[in-house]
Every structure is written in C-alpha cells, then in structure tokens.
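Here's the structure we're looking at; comments come further down.
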Amino acid sequence: MNSPPIHGGNIIEEARHRGIRPDEILDASASIVPFKQPKALNDSLIKLIHNNSIRNYPDCTHQSLKEAISDWHGVDSSMVIPGNGASELFTWAARNAADLGVSGLPTPGFHDYKRALQCWNAHFINLPLPLRWTSKSPQPFPLLPKTNVIWITNPHNPTGQLWTKDSIKLLLATHELVICDEVFLPLVPDGESQSLLPLVSNHSNLIVIRSFTKLFPIAGLRLGYAIGTPARLSEWGKWRDPWPINGLAIEAGTLLMSNKVMLNNWLTKIQSWVSKEGAWIFEELKCIKGIIPHPSSANFLLIESDHQESLIPLREKLVEQKILLRDCRSFPELGASYLRLSLQTRQGNRRIISALKKILK
Ligand SMILES: Cc1ncc(COP(=O)(O)O)c(C=O)c1O
C-alpha cells in the first residue's frame, strides 16, 4: 500500500498486499468489538436468506426499524432516520452544514466529516485539540474558536476522550448547528449519561448520529441512524437514493433494537469488557519501553513513541506477526510517532502485548 490508510479495518487490502488471508490477521486497527454477533441475529439473517427475502426490494420507509430505534431511545419515530452506516448520514448533515457557513472540525479527528463536507464544497476549519489528557473521565470539552457549525465526536476518535454532556450542551447556544457523533458512546461504561440524545426534542440545531456497526459487530452490513428534528430528517429523505439501506441490514437493526433484554445484556457485556480490558492493556503498555499509552474511555487508545520516533517500523513488524494496528499518519496532528490500538479479547490483547514486548525489548 502506497499511502497510509485513512480508515482502520483495511484488512482485506492489507491481507492481499501481504499474500495472507484476512481471517489470519488480528485486526486492532478498526475499533469493532471482537465478539461474534448475538446468535439471534445470525439465525435471523440465515432465515431471511433461506426464505428468499432478498428477492424483494427493501422497505423504503424503514418504518419497523425507525419504530424499534425510537422506542429504545424514547423519541418519536419521525425524529429517526436510519442510514447506510453513520457515514452516509454525515453526507446529509454536511449538506445542512454547508448552508450555514463554516464548520469547525476538532483535530485530530475522524476523517469522514471532511469527506462529507467536501461533497458540498463546504467551508471548514480545523480546531486543534490538546494532545495530552489526564485519565479523568469524562473531560470538559475544551474552549475552541467559534464557528457556525461544530462537529463533535463523543467519545472522541482517535484520542478516546469522553466529553461531559454539560460542556457540549453549551455549544447549542453558540452554534447554528451541532452535529454530535455518538457511534462509540454505547460502548463506554456509563457513557449514556453524557449523551446529547435527550436534548434533541428541544434543540432544532442538534443532530445526534449513532451506528450499529462497531457495537454488534456488523460493519459489513452498514447501518447507522440519526436523531434530529422531523423537518430536517424528512428533507434528508428527499436527497437520498430510494433504497439506501439493504433488506438484511433493516431486519438486523429491527431485531437488535426491539429485543430489549438481549440489547441490555449485550451493552452490559460490552461495557464491562471495555472497562476490564481497557484498564488491563493500559497498565501493560505502561511497562513497555519506548512507547507511552494515552488514557482513553473508549474501546481504542493511542500509543506514542517516547522519543517522537516513527512507529511505522514497529507497525510493520507487528504486521509480520499478523497483528494490525492503526497507522496514524492520516491524522496530520499525530503522524508517524503514534499508532492506535483497539481492544481485543484478553487472548488477543495478550498476543499484542507479548509481540510488542518482544519487538521493543
Ligand atoms: C467516529 C466515527 N464515526 C463514524 C464511523 C463510521 O461508522 P459507520 O460504520 O456506521 O459508517 C467511524 C468509523 O470508524 C468512526 O470512527
């Protein structure tokens, strides 16, 4: 691969490039939970294929899915729009942002907001965030120069900082539009208490975006949703193609959101995994010479070279052992001296730690 990847999870490309199978790679580059999907989900998808339901066009109203999502979050279904991943919804949020003036993008940050804004020739500026954080969680969102629109990621990618609801709530009074990407929030222990979702009903300038893809994990199915005002979302509906979400994804999302017992159990399992493995790996990484782990509330964390040296050779050596970490050169504020690592099962985390210890001894 010539240029550094702008997303994690490029395991198909990476495997092709190295002449190995994707399933041989321990992928800690994309921040997707390392467990198998809930069994009920896989059973239901297999049944749908057997019943030949992919023969038909999907329900373009997404009504059952919208109802399941709105019921879970306690909002009206007119305030929900499902999308082909959160990424599709950034495209429509960016179209609104383009009409309002300058978007502020806290950096380093998720690359896709820029892609979405560039679709509409929107104006945007980078708003540099501090790169050093204490392990305090949640943190107040820092004071940044004022723009018309602000794109918040809570918890932030790639730094893993969880922002307090009270600090981001203040931005609703100063910005014409606040786009809050909460795709990782359900994975964070007690993360929901910092969500802006309860504020959407009373703030027409707020859009909250969530995703199914990392949590369940179904990144390959593509499914996310936005919560916003009915007027805004019905306008988005007019801009998109007639069947933006495939039938299997619609069924998967409906099943996952309507089985509340399963969903609650899943969330408990994922949050306790993040809490346990996040603490374990952080302590282990602290003991390895040459790298500094950064504190994070999310299911991923940054590691930095303690001498500002490039960690790309380290990443290469890990790839030789079929372990993939995220190259951070596509975050210009971080560059080659950082890598991002996503939490795995204890077995996977041990494999990463022991490979790092061997290489860096
Ligand atoms: C902060 C953030 N938001 C959104 C996404 C994309 O979500 P989806 O797979 O639902 O398009 C990612 C993927 O890496 C992400 O890091």
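Chains: A, B, ... in order of the structure tokens. Residues: from 1 per chain. Ligands: from 1, in order shown.
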Polymer residues at most 6 Å from Val149 in chain A, only C-alpha atoms, same-chain spacing of 4 or more positions, as a VMD selection string:
chain A and resid 103 175 to 178
To check your reading of the model: which residues sit at most 8 Å from ligand 1 when counting only C-alpha atoms and all ligand atoms? Write the answer as number ranges by chain.
A: 7-8, 30-31, 84-88, 109-110, 112, 153-158, 181-184, 210-214, 219, 222-224
Could you write out the selected residues, including C-alpha atoms, as a PDB file, in the first residue's frame?
ATOM      1  CA  HIS A   7      -9.591   4.237   7.953  1.00  0.00           C
ATOM      2  CA  GLY A   8      -8.735   1.276  10.143  1.00  0.00           C
ATOM      3  CA  ALA A  30     -10.623  -0.843  13.312  1.00  0.00           C
ATOM      4  CA  SER A  31     -12.421  -0.255  16.593  1.00  0.00           C
ATOM      5  CA  ASN A  84     -26.266   3.141   5.251  1.00  0.00           C
ATOM      6  CA  GLY A  85     -23.805   3.366   8.141  1.00  0.00           C
ATOM      7  CA  ALA A  86     -23.265   6.577  10.097  1.00  0.00           C
ATOM      8  CA  SER A  87     -21.071   7.662   7.190  1.00  0.00           C
ATOM      9  CA  GLU A  88     -23.993   8.090   4.816  1.00  0.00           C
ATOM     10  CA  GLY A 109     -10.456  13.770  14.255  1.00  0.00           C
ATOM     11  CA  PHE A 110     -12.431  11.309  12.197  1.00  0.00           C
ATOM     12  CA  ASP A 112     -15.073  11.180   7.144  1.00  0.00           C
ATOM     13  CA  THR A 153     -17.280  13.073  18.395  1.00  0.00           C
ATOM     14  CA  ASN A 154     -18.175  11.691  21.811  1.00  0.00           C
ATOM     15  CA  PRO A 155     -16.090   9.822  22.813  1.00  0.00           C
ATOM     16  CA  HIS A 156     -13.537  11.406  20.541  1.00  0.00           C
ATOM     17  CA  ASN A 157     -11.771   9.399  17.844  1.00  0.00           C
ATOM     18  CA  PRO A 158      -8.767   8.912  17.851  1.00  0.00           C
ATOM     19  CA  ASP A 181     -21.296  11.656  16.511  1.00  0.00           C
ATOM     20  CA  GLU A 182     -22.006   9.197  19.327  1.00  0.00           C
ATOM     21  CA  VAL A 183     -21.114   5.983  17.488  1.00  0.00           C
ATOM     22  CA  PHE A 184     -18.768   4.796  20.259  1.00  0.00           C
ATOM     23  CA  ARG A 210     -25.193   6.621  16.088  1.00  0.00           C
ATOM     24  CA  SER A 211     -24.136   3.356  14.482  1.00  0.00           C
ATOM     25  CA  PHE A 212     -24.754  -0.376  14.782  1.00  0.00           C
ATOM     26  CA  THR A 213     -21.554  -1.297  13.002  1.00  0.00           C
ATOM     27  CA  LYS A 214     -18.956  -1.320  15.800  1.00  0.00           C
ATOM     28  CA  ALA A 219     -19.578  -3.156   9.874  1.00  0.00           C
ATOM     29  CA  ARG A 222     -23.696  -0.919   7.023  1.00  0.00           C
ATOM     30  CA  LEU A 223     -26.243   0.518   9.430  1.00  0.00           C
ATOM     31  CA  GLY A 224     -26.420   3.720  11.430  1.00  0.00           C
TER      32      GLY A 224
END
Distance criterion (only C-alpha atoms): nearest to Arg326 in chain A out of A:Phe124, A:Tyr113, A:Leu302, A:Gln344:
A:Leu302
What are the DSSP strand (DSSP E) residues of range 107-356 of chain A, as an MDAnalysis selection string?
chainID A and resid 107 123:128 149:153 177:181 206:211 224:227 291:293 300:305 323:327 338:342
If we count only C-alpha atoms and set the cut-off at 6 Å, which residues sit around Gly160 in chain A, ignoring sequence neighbours fewer than 6 positions away in its own chain? Please answer as a PDB file with C-alpha atoms, in the first residue's frame.
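What landed in selection21.pdb:
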ATOM      1  CA  SER A 296      -8.942   6.624  26.846  1.00  0.00           C
ATOM      2  CA  SER A 297     -12.563   5.956  27.828  1.00  0.00           C
ATOM      3  CA  ALA A 298     -13.314   4.109  24.619  1.00  0.00           C
TER       4      ALA A 298
END
Secondary structure check, helix (DSSP H, G or I) residues of range 62-297 of chain A, as a ChimeraX atom specification:
/A:63-73,77-79,85-100,112-119,165-169,171-174,185-187,191-194,197-202,230-239,247-258,260-286
Please compute the CA of Leu248 in chain A-CA of Glu14 in chain A distance, one decimal, in Å.
27.3 Å
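Around Arg346 in chain A, within 10 Å and counting only C-alpha atoms, the residues found are Trp273, Lys276, Glu277, Trp280, Ile281 and Ile352 of chain A, once anything fewer than 6 positions away on its own chain is removed.
Among the candidates A:Ala97, A:Pro189, A:Arg240, A:Pro313, the one nearest to Ser275 in chain A when counting only C-alpha atoms is A:Pro189.
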Mind checking which residues fall within 9 Å of Ser64 in chain A, counting only C-alpha atoms, ignoring those fewer than 4 positions away in the same chain, and posting them as an NGL selection string?
:A and (59 or 68-69 or 250-251 or 254)
